[in-house]
Amino acid sequence: MIEITPLAVSAADLVVGTAPVSGHDVRLSLAPAAARYSLRARDPATLAGVIGRALPTRIGDMQGGIACLGPDEYYALLPAGERVPDGAGLPVSVVDVSDRALGFVVEGTGAAAAIATGCPLDLDRFAVGRATRTLFETVEIILLREDTTRFRIEVWRSFAPWLWHALVAAIADR
Amino acid sequence: MLLIHCPYCDEDRAEVEFVYGGEAHIARPLDPSALDDTQWESYLYLRRNPRGRHHERWRHTYGCGRFFNAVRDTVSDVIETTYKAGEARR
Ligand SMILES: [Zn+2]
C-alpha cells in the first residue's frame, strides 16, 4: 500500500512542497534546485574555452555535470546559483534555463521498471553515466542514469505535475 | 514498434522519438525568382512517391534533435539504411 501525496500544482509549491513517494522498491522525489544551462556550439573547443570546463565528446555521455545531447548541443546541470560565462561575441550559445525544468529522482531496484512503463529506451543498455533526451509517454524528458538504480529525469515545468502523477501511477501499479 | 538507427546517436531508437520529414535530397533553388510557376510548383509540391526504395528525411526530435536521411522501402516499411544530412544519396 502506497501513500500518495497530492501534488501541489503551482511552480512555487512544486519546488518546496512535493513529498517523496515510495513503494514497490521505487522512491520518487524532487531533486534539489539546480543551475541548468543549454549550451550550443558548432565547435566544442570554442564552447569549452568559454565555459572553462571540459565537454563530453560522445552523444549521450556525461562529464562533470554536462551531458552531450546532440552533435552541437549540451545540457549542464550544476549546483544551484553556479554561473557560466555567456561567451558574448563568440559563435556559441549559453542560455540559463534553470527555471525551465524540474528534476525528479527515481531510485531503487524498481526504478528502471517504473521508467520503462512510459519510456521507449532500452534501459538494460542505458549505462551508468549516460544521458539523453527521450520521451515518457508523450512528454519530452531528459533522462540521466546516475547509478545502476538511480535515475534523474529533467522535465519542463508545465509537464511536471502530469509526469509526477504518471510516475506515481507506474510505481503503484508495479 | 519500428526501431530506427540514428546516424548521429549511432543507436537504434524507438520510432516514437522520430518525426518524418518528407522526401530527401530536394535542394531549394538558388534563385527562386528565376523560376517560372511550373518549376516553382514542381519544387514546392511535386514528389516522386515511389513504390519501393524511398529516400526520405527523418528528425530525431526526442533525441539528438538532428535531421538525417533514410532509405525506406515503401512496400515493406523496412529501413535499409540511414545516413547523416549532407552525405551523398545512397
Ligand atoms: Zn539521434
# chains A, B, ... in the order shown; residues from 1 in each chain; ligands from 1

$ interface_residues --of "chain A" --to "chain B" --cutoff "12 Å" --atoms "only C-alpha atoms" --output "PDB file with C-alpha atoms, in the first residue's frame"
ATOM      1  CA  THR A  57      32.700  14.055 -26.720  1.00  0.00           C
ATOM      2  CA  ARG A  58      30.210  11.261 -27.441  1.00  0.00           C
ATOM      3  CA  ILE A  59      26.479  11.920 -27.775  1.00  0.00           C
ATOM      4  CA  GLY A  60      24.785  10.589 -24.648  1.00  0.00           C
ATOM      5  CA  ASP A  61      27.820  10.884 -22.390  1.00  0.00           C
ATOM      6  CA  ALA A  67      25.528  15.938 -20.867  1.00  0.00           C
ATOM      7  CA  CYS A  68      26.077  15.799 -24.632  1.00  0.00           C
ATOM      8  CA  LEU A  69      22.569  15.713 -26.108  1.00  0.00           C
ATOM      9  CA  GLY A  70      23.418  16.097 -29.781  1.00  0.00           C
ATOM     10  CA  PRO A  71      26.248  16.906 -32.189  1.00  0.00           C
ATOM     11  CA  ASP A  72      26.256  20.566 -31.157  1.00  0.00           C
ATOM     12  CA  GLU A  73      24.106  20.550 -28.029  1.00  0.00           C
ATOM     13  CA  TYR A  74      24.922  20.133 -24.349  1.00  0.00           C
ATOM     14  CA  TYR A  75      22.902  20.345 -21.149  1.00  0.00           C
ATOM     15  CA  GLY A 118       6.437   5.038 -20.314  1.00  0.00           C
ATOM     16  CA  CYS A 119       9.886   5.337 -21.859  1.00  0.00           C
ATOM     17  CA  PRO A 120      10.866   3.556 -25.107  1.00  0.00           C
ATOM     18  CA  LEU A 121      14.609   3.422 -24.333  1.00  0.00           C
ATOM     19  CA  ASP A 122      16.276   0.058 -23.817  1.00  0.00           C
ATOM     20  CA  LEU A 123      17.265   0.721 -20.205  1.00  0.00           C
ATOM     21  CA  ARG A 125      21.671  -0.919 -22.471  1.00  0.00           C
ATOM     22  CA  PHE A 126      21.495   2.564 -20.988  1.00  0.00           C
ATOM     23  CA  ARG A 130      24.610   8.133 -19.945  1.00  0.00           C
ATOM     24  CA  ALA A 131      22.075  10.860 -20.600  1.00  0.00           C
ATOM     25  CA  THR A 132      19.655  11.526 -23.438  1.00  0.00           C
ATOM     26  CA  ARG A 133      16.585  13.395 -24.468  1.00  0.00           C
ATOM     27  CA  THR A 134      13.704  10.973 -24.903  1.00  0.00           C
ATOM     28  CA  LEU A 135      10.010  10.591 -24.108  1.00  0.00           C
ATOM     29  CA  PHE A 136       7.871   9.454 -21.225  1.00  0.00           C
ATOM     30  CA  GLU A 137       4.542   8.622 -22.877  1.00  0.00           C
ATOM     31  CA  THR A 138       4.153  11.832 -24.916  1.00  0.00           C
ATOM     32  CA  VAL A 139       6.191  14.157 -22.707  1.00  0.00           C
ATOM     33  CA  GLU A 140       9.718  15.171 -23.641  1.00  0.00           C
ATOM     34  CA  ILE A 141      12.250  14.433 -20.895  1.00  0.00           C
ATOM     35  CA  ILE A 142      15.978  14.270 -20.405  1.00  0.00           C
ATOM     36  CA  LEU A 143      16.864  11.004 -18.717  1.00  0.00           C
TER      37      LEU A 143
END

$ select_by_dssp --residues "chain A" --states "helix (DSSP H, G or I)" --output "PDB file with C-alpha atoms, in the first residue's frame"
ATOM      1  CA  ALA A  11       5.519  26.069  -9.603  1.00  0.00           C
ATOM      2  CA  ALA A  12       6.478  27.570  -6.244  1.00  0.00           C
ATOM      3  CA  ASP A  13       4.715  24.822  -4.316  1.00  0.00           C
ATOM      4  CA  LEU A  14       6.274  22.198  -6.549  1.00  0.00           C
ATOM      5  CA  VAL A  15       9.719  23.364  -5.600  1.00  0.00           C
ATOM      6  CA  VAL A  16       9.143  23.340  -1.865  1.00  0.00           C
ATOM      7  CA  GLY A  17       6.193  21.131  -1.099  1.00  0.00           C
ATOM      8  CA  PRO A  44      33.054  22.224 -28.999  1.00  0.00           C
ATOM      9  CA  ALA A  45      36.552  23.581 -28.329  1.00  0.00           C
ATOM     10  CA  THR A  46      35.295  27.168 -28.504  1.00  0.00           C
ATOM     11  CA  LEU A  47      32.438  26.356 -26.138  1.00  0.00           C
ATOM     12  CA  ALA A  48      34.714  24.519 -23.699  1.00  0.00           C
ATOM     13  CA  GLY A  49      37.004  27.557 -23.678  1.00  0.00           C
ATOM     14  CA  VAL A  50      34.118  29.933 -22.967  1.00  0.00           C
ATOM     15  CA  ILE A  51      32.702  27.971 -20.063  1.00  0.00           C
ATOM     16  CA  ALA A 111      13.398   2.380 -10.757  1.00  0.00           C
ATOM     17  CA  ALA A 112      14.229   1.133 -14.253  1.00  0.00           C
ATOM     18  CA  ALA A 113      10.999  -0.849 -14.470  1.00  0.00           C
ATOM     19  CA  ALA A 114       8.941   2.157 -13.347  1.00  0.00           C
ATOM     20  CA  ILE A 115      10.548   4.365 -16.002  1.00  0.00           C
ATOM     21  CA  ALA A 116      10.186   1.675 -18.650  1.00  0.00           C
ATOM     22  CA  LEU A 123      17.265   0.721 -20.205  1.00  0.00           C
ATOM     23  CA  ASP A 124      19.281  -2.512 -19.994  1.00  0.00           C
ATOM     24  CA  ARG A 125      21.671  -0.919 -22.471  1.00  0.00           C
ATOM     25  CA  ARG A 157       7.813  22.718 -15.550  1.00  0.00           C
ATOM     26  CA  SER A 158       4.436  22.736 -17.232  1.00  0.00           C
ATOM     27  CA  PHE A 159       4.647  18.967 -17.795  1.00  0.00           C
ATOM     28  CA  ALA A 160       5.962  18.218 -14.301  1.00  0.00           C
ATOM     29  CA  PRO A 161       2.643  17.709 -12.466  1.00  0.00           C
ATOM     30  CA  TRP A 162       1.443  15.279 -15.126  1.00  0.00           C
ATOM     31  CA  LEU A 163       4.735  13.376 -15.167  1.00  0.00           C
ATOM     32  CA  TRP A 164       4.829  13.189 -11.377  1.00  0.00           C
ATOM     33  CA  HIS A 165       1.385  11.623 -11.303  1.00  0.00           C
ATOM     34  CA  ALA A 166       2.231   9.283 -14.174  1.00  0.00           C
ATOM     35  CA  LEU A 167       5.294   8.041 -12.292  1.00  0.00           C
ATOM     36  CA  VAL A 168       3.304   7.676  -9.076  1.00  0.00           C
ATOM     37  CA  ALA A 169       0.807   5.575 -11.025  1.00  0.00           C
ATOM     38  CA  ALA A 170       3.630   3.498 -12.513  1.00  0.00           C
ATOM     39  CA  ILE A 171       5.013   2.857  -9.031  1.00  0.00           C
ATOM     40  CA  ALA A 172       1.596   1.995  -7.642  1.00  0.00           C
ATOM     41  CA  ASP A 173       0.924  -0.464 -10.481  1.00  0.00           C
TER      42      ASP A 173
END

$ atom_distance --atom1 "atom CA of Val92 of chain A" --atom2 "atom CA of Pro56 of chain A"
16.3 Å

$ closest_residue --among "A:Thr148, A:Gly81, A:Arg42, A:Arg174" --to "Asp96 of chain A" --atoms "only C-alpha atoms"
A:Gly81
